[in-house]
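K.L.:
Hey, dropping data-v6.txt in here, compact mmCIF, C-alpha atoms:
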# COMPACT_ATOMS: atom_id res chain seq x y z
CA ALA A 6 -8.88 -31.85 48.31
CA THR A 7 -5.44 -32.68 46.91
CA LEU A 8 -6.36 -36.36 46.76
CA SER A 9 -9.63 -35.51 44.90
CA TYR A 10 -11.63 -37.54 47.43
CA GLN A 11 -15.05 -37.91 45.84
CA ASP A 12 -17.50 -38.37 48.71
CA HIS A 13 -16.28 -35.12 50.20
CA THR A 14 -19.31 -33.11 51.35
CA PRO A 15 -19.90 -34.80 54.75
CA LEU A 16 -16.18 -34.67 55.48
CA LEU A 17 -15.83 -31.01 54.55
CA ASN A 18 -18.92 -30.10 56.59
CA ALA A 19 -17.39 -31.85 59.60
CA ILE A 20 -14.08 -30.03 59.05
CA SER A 21 -15.99 -26.76 58.77
CA ALA A 22 -17.76 -27.32 62.09
CA ALA A 23 -14.51 -28.24 63.85
CA SER A 24 -12.54 -25.36 62.30
CA ARG A 25 -14.83 -22.42 63.01
CA PRO A 26 -14.04 -22.20 66.77
CA LEU A 27 -10.31 -22.31 65.93
CA LEU A 28 -10.17 -19.69 63.18
CA ALA A 29 -8.53 -17.09 65.43
CA GLU A 30 -5.54 -19.43 65.69
CA PHE A 31 -5.19 -19.82 61.91
CA ASN A 32 -2.34 -17.99 60.21
CA SER A 33 -2.64 -16.56 56.70
CA GLN A 34 -1.52 -19.80 55.05
CA ASP A 35 -4.05 -21.82 57.04
CA LEU A 36 -6.84 -19.48 55.95
CA ALA A 37 -5.80 -19.60 52.30
CA ASN A 38 -5.54 -23.38 52.36
CA THR A 39 -9.00 -23.70 53.90
CA ALA A 40 -10.59 -21.52 51.23
CA TRP A 41 -8.70 -23.38 48.48
CA SER A 42 -9.79 -26.79 49.80
CA PHE A 43 -13.49 -25.94 49.80
CA ALA A 44 -13.36 -24.23 46.40
CA THR A 45 -11.33 -27.04 44.81
CA ARG A 46 -14.02 -29.52 45.81
CA CYS A 47 -16.71 -26.99 44.72
CA CYS A 48 -18.21 -27.11 48.21
CA LYS A 49 -19.89 -23.79 48.98
CA ASN A 50 -19.98 -24.09 52.76
CA SER A 51 -21.02 -20.54 53.59
CA GLU A 52 -20.55 -21.04 57.33
CA ILE A 53 -16.79 -21.58 57.19
CA LEU A 54 -16.23 -19.06 54.37
CA ASP A 55 -18.31 -16.37 56.06
CA SER A 56 -16.69 -17.07 59.42
CA GLN A 57 -13.16 -16.84 58.16
CA SER A 58 -13.67 -13.60 56.22
CA ALA A 59 -13.11 -11.54 59.36
CA GLU A 60 -9.89 -13.41 60.07
CA VAL A 61 -8.67 -12.87 56.52
CA LEU A 62 -9.38 -9.15 56.81
CA SER A 63 -7.51 -8.85 60.11
CA LYS A 64 -4.46 -10.71 58.72
CA ILE A 65 -4.54 -9.52 55.12
CA ALA A 66 -1.11 -7.87 55.34
CA GLU A 67 0.41 -11.22 56.33
CA PHE A 68 -0.75 -12.99 53.19
CA ALA A 69 1.89 -14.03 50.68
CA PRO A 70 1.02 -13.31 47.03
CA GLN A 71 0.08 -16.94 46.43
CA GLY A 72 -2.27 -16.88 49.43
CA LEU A 73 -3.94 -13.72 48.14
CA ALA A 74 -4.44 -15.34 44.73
CA THR A 75 -5.76 -18.59 46.18
CA THR A 76 -8.21 -16.84 48.50
CA ALA A 77 -9.48 -14.46 45.82
CA TRP A 78 -10.00 -17.34 43.38
CA ALA A 79 -11.78 -19.47 46.01
CA TYR A 80 -14.34 -16.82 46.92
CA SER A 81 -14.86 -15.71 43.32
CA SER A 82 -15.20 -19.20 41.84
CA LEU A 83 -17.74 -20.20 44.48
CA GLY A 84 -19.71 -17.02 43.91
CA VAL A 85 -19.42 -15.88 47.53
CA LYS A 86 -20.62 -12.29 47.78
CA ASP A 87 -18.19 -10.51 50.08
CA PRO A 88 -17.21 -7.19 48.47
CA THR A 89 -15.45 -5.97 51.63
CA LEU A 90 -13.12 -8.95 51.61
CA LEU A 91 -12.50 -8.90 47.85
CA ASP A 92 -11.79 -5.16 47.92
CA ALA A 93 -9.30 -5.68 50.76
CA ILE A 94 -7.59 -8.43 48.78
CA SER A 95 -7.52 -6.14 45.73
CA GLU A 96 -5.85 -3.36 47.73
CA GLU A 97 -3.25 -5.78 49.11
CA VAL A 98 -2.60 -7.15 45.63
CA MET A 99 -1.89 -3.61 44.43
CA ARG A 100 0.60 -3.10 47.26
CA LYS A 101 2.42 -6.32 46.37
CA LEU A 102 1.89 -6.32 42.61
CA THR A 103 5.59 -6.26 41.69
CA GLU A 104 6.25 -9.24 43.99
CA ILE A 105 3.60 -11.56 42.54
CA GLU A 106 4.83 -14.47 40.42
CA PRO A 107 3.21 -15.29 37.03
CA GLN A 108 1.26 -18.29 38.37
CA SER A 109 -0.56 -16.17 40.93
CA LEU A 110 -1.06 -13.33 38.45
CA GLY A 111 -2.84 -15.78 36.15
CA ILE A 112 -5.17 -16.79 38.99
CA LEU A 113 -5.79 -13.18 40.03
CA ALA A 114 -6.61 -12.15 36.46
CA ASP A 115 -9.59 -14.52 36.59
CA ALA A 116 -10.70 -13.60 40.12
CA LYS A 117 -12.96 -10.64 39.24
CA LEU A 118 -11.15 -8.20 41.55
CA ALA A 119 -11.25 -4.42 41.29
CA CYS A 120 -7.53 -4.47 40.42
CA ARG A 121 -8.04 -6.83 37.49
CA GLU A 122 -6.84 -4.38 34.82
CA ASN A 123 -3.61 -3.74 36.75
CA VAL A 124 -3.06 -7.47 37.13
CA GLU A 125 -3.63 -8.04 33.42
CA GLN A 126 -1.20 -5.24 32.57
CA THR A 127 1.45 -6.86 34.78
CA LEU A 128 0.79 -10.35 33.39
CA ARG A 129 0.76 -9.29 29.74
CA PRO A 130 4.57 -8.91 29.22
CA LEU A 131 5.21 -12.20 31.02
CA ALA A 132 2.75 -14.02 28.76
CA SER A 133 4.36 -12.30 25.77
CA ARG A 134 7.79 -13.59 26.82
CA PHE A 135 6.29 -17.09 27.04
CA THR A 136 4.92 -16.78 23.50
CA GLU A 137 8.21 -15.49 22.13
CA ALA A 138 10.09 -18.37 23.79
CA LEU A 139 7.92 -21.09 22.22
CA PRO A 140 10.03 -23.51 20.13
CA ARG A 141 9.88 -22.82 16.40
CA SER A 142 10.98 -26.33 15.46
CA LEU A 143 11.20 -29.88 16.82
CA ASP A 144 14.90 -29.45 17.51
CA ALA A 145 15.80 -31.03 20.88
CA SER A 146 17.92 -28.08 21.99
CA GLU A 147 15.01 -25.68 21.44
CA ALA A 148 12.75 -27.92 23.52
CA ARG A 149 15.32 -28.03 26.34
CA ASN A 150 15.76 -24.25 26.25
CA PHE A 151 12.01 -23.75 26.44
CA ALA A 152 11.69 -26.20 29.33
CA ASP A 153 14.42 -24.30 31.19
CA PHE A 154 12.64 -21.01 30.46
CA VAL A 155 9.30 -22.30 31.82
CA HIS A 156 11.06 -23.67 34.92
CA GLU A 157 12.69 -20.28 35.50
CA LEU A 158 9.37 -18.49 34.96
CA ARG A 159 7.75 -20.79 37.57
CA VAL A 160 4.38 -21.15 35.91
CA ASP A 161 2.30 -24.11 34.78
CA ASN A 162 -0.65 -22.06 33.50
CA PHE A 163 -1.58 -18.42 32.97
CA GLY A 164 -5.26 -18.80 33.82
CA CYS A 165 -8.17 -18.28 31.43
CA TRP A 166 -7.39 -14.65 30.61
CA GLY A 167 -3.68 -15.35 30.20
CA ALA A 168 -4.30 -18.37 27.96
CA ARG A 169 -6.61 -16.35 25.71
CA TYR A 170 -4.00 -13.59 25.49
CA ILE A 171 -1.31 -16.14 24.51
CA PHE A 172 -3.57 -17.64 21.83
CA GLU A 173 -4.20 -14.13 20.50
CA ARG A 174 -0.43 -13.49 20.36
CA MET A 175 -0.01 -16.77 18.46
CA GLY A 176 -2.54 -15.65 15.86
CA PHE A 177 -5.50 -17.78 16.91
CA GLU A 178 -8.76 -15.93 16.46
CA PRO A 179 -11.41 -16.26 19.20
CA PRO A 180 -13.89 -19.04 18.40
CA SER A 181 -17.45 -18.20 17.48
CA PRO A 182 -20.32 -18.52 19.96
CA ASP A 183 -21.74 -21.49 18.06
CA PHE A 184 -18.38 -23.29 18.36
CA HIS A 185 -18.49 -22.68 22.12
CA GLU A 186 -21.97 -24.20 22.21
CA ARG A 187 -20.95 -27.26 20.19
CA ALA A 188 -17.84 -27.76 22.32
CA ALA A 189 -19.80 -27.55 25.58
CA GLN A 190 -22.38 -30.05 24.34
CA GLN A 191 -19.77 -32.53 23.09
CA ILE A 192 -17.60 -32.30 26.22
CA CYS A 193 -20.55 -32.86 28.56
CA ALA A 194 -21.88 -35.71 26.40
CA SER A 195 -18.47 -37.38 26.28
CA ALA A 196 -18.00 -37.03 30.04
CA ALA A 197 -21.45 -38.48 30.71
CA MET A 198 -20.65 -41.58 28.63
CA THR A 199 -17.68 -42.44 30.87
CA ASP A 200 -19.29 -41.52 34.20
CA GLY A 201 -19.42 -43.79 37.20
CA GLU A 202 -22.37 -43.93 39.55
CA GLU A 203 -21.58 -40.56 41.08
CA GLY A 204 -21.40 -38.68 37.79
CA ASN A 205 -18.02 -37.23 38.75
CA ARG A 206 -16.72 -36.53 35.24
CA SER A 207 -19.94 -34.77 34.26
CA ARG A 208 -19.66 -32.49 37.28
CA GLU A 209 -16.00 -31.81 36.54
CA ALA A 210 -16.84 -30.99 32.93
CA ALA A 211 -19.62 -28.61 34.01
CA ASN A 212 -17.27 -26.93 36.51
CA ALA A 213 -14.56 -26.53 33.87
CA LEU A 214 -16.96 -25.04 31.35
CA SER A 215 -18.39 -22.61 33.91
CA GLY A 216 -14.93 -21.35 34.80
CA SER A 217 -15.23 -22.43 38.45
CA ALA A 218 -12.52 -25.09 38.14
CA LEU A 219 -9.26 -23.24 37.68
CA VAL A 220 -6.99 -25.15 40.01
CA HIS A 221 -6.18 -28.88 39.96
CA ARG A 222 -8.92 -29.98 37.61
CA ARG A 223 -9.17 -32.11 34.51
CA VAL A 224 -8.60 -30.48 31.15
CA PHE A 225 -11.39 -31.02 28.62
CA SER A 226 -10.60 -30.32 24.98
CA TYR A 227 -12.64 -30.13 21.80
CA ALA A 228 -11.44 -29.39 18.27
CA GLU A 229 -12.84 -29.20 14.76
CA TYR A 230 -10.85 -29.43 11.56
CA HIS A 231 -11.40 -28.41 7.95
CA ILE A 232 -8.61 -29.44 5.56
CA GLN A 233 -8.67 -28.53 1.89
CA PRO A 234 -6.45 -30.95 -0.07
CA VAL A 235 -3.97 -29.34 -2.46
CA LEU A 236 -4.48 -31.46 -5.58
CA SER A 237 -4.40 -30.97 -9.29
CA LYS A 238 -8.10 -31.69 -9.22
CA PRO A 239 -9.81 -30.02 -6.25
CA GLY A 240 -11.46 -32.53 -3.98
CA ALA A 241 -13.92 -32.33 -1.13
CA PRO A 242 -12.41 -30.91 2.08
CA LEU A 243 -11.85 -33.17 5.05
CA THR A 244 -13.93 -32.09 8.00
CA GLY A 245 -14.62 -33.35 11.47
Mind turning the file's structure into structure tokens?

P.N.:
Amino acid sequence: ATLSYQDHTPLLNAISAASRPLLAEFNSQDLANTAWSFATRCCKNSEILDSQSAEVLSKIAEFAPQGLATTAWAYSSLGVKDPTLLDAISEEVMRKLTEIEPQSLGILADAKLACRENVEQTLRPLASRFTEALPRSLDASEARNFADFVHELRVDNFGCWGARYIFERMGFEPPSPDFHERAAQQICASAAMTDGEEGNRSREAANALSGSALVHRRVFSYAEYHIQPVLSKPGAPLTG
């Protein structure tokens, strides 16, 4: 999964078949890594995910915060319906909430858990600190200070909810539904134009737009501009 191997389904199915008899020997990190690997490659192999749920439940107290976040995201992003497991993860998250680093909080905020509001409340001041620390100029010392701050915070993204909160703090209004529609159409069309035979970029674009591609995925961006020139004689605005 880390190598983004493309022809992954037969390999993951083989790994699933070989892993199921050994699940009792997996520790919490092994279980989290397995769930992450299948979700990262968007491979909904219900046999391995269903089989390992019981193991996760029996070892839930052993999970580190990052493992809880990874497992919750994997099951949620793949749409696996296992309320017993997700509720158990939610309860464990609540027990360890003060120990969870910002990176994992960002993942958990998007994982559709029962404790989501508590996670958001815990993440909110951390995201606010990030916003307040943003450089206000191109001065090199400000950039270095911000880089040191981000390194100390130990986060490379705040997840979808966290990113939207940061944009709100920065004064960016939420885009309109028709902008969302235009962006989705343009991103998918652009990805399709550069696709290889397997259509990998189109699938990655679709996964990103659906919200099922939180971890280790491409970033697809779309922007529109409308600039009104400040002239003695008003001219037509520049748009695009």

K.L.:
Tell me which of A:Thr76, A:Ser58, A:Asn162, A:Ser63 sits closest to Ala40 (chain A), counting only C-alpha atoms.

P.N.:
A:Thr76

K.L.:
Give the centre and edge lengths of an axis-aligned box, in Å to one decimal, that holds all listed atoms of region 80-91 of chain A with 5 Å on each side, as lines of an AutoDock Vina configuration file.

P.N.:
center_x = -16.6
center_y = -13.1
center_z = 46.7
size_x = 18.1
size_y = 24.2
size_z = 19.8

K.L.:
Rank A:Glu147, A:Glu173, A:Glu229, A:Asp55 by their smallest atom-to-atom distance to Tyr80 (chain A), using only C-alpha atoms, and report the top residue only.

P.N.:
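Using only C-alpha atoms, Tyr80 (chain A) sits closest to A:Asp55.
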
K.L.:
Could you pull out every residue with an atom within 9 Å of (-12.5, -33.7, 19.7), file coordinates, counting only C-alpha atoms, and send them as a list of chain:residue names?

P.N.:
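I get A:Ala188, A:Gln191, A:Ile192, A:Ser226, A:Tyr227, A:Ala228, A:Glu229, A:Gly245 for the residues within 9 Å of that point.
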
K.L.:
Of the residues A:Gln34, A:Ser56, A:Ser133, A:Thr45, which is the one nearest to Ala22 (chain A), using only C-alpha atoms?

P.N.:
A:Ser56

K.L.:
Which residue, A:Phe225, A:Phe68, A:Phe31, A:Phe135, has the smallest gap to Asp161 (chain A) when you use all atoms listed in the file?

P.N.:
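Of A:Phe225, A:Phe68, A:Phe31, A:Phe135, the one nearest Asp161 (chain A) is A:Phe135, counting all atoms listed in the file.
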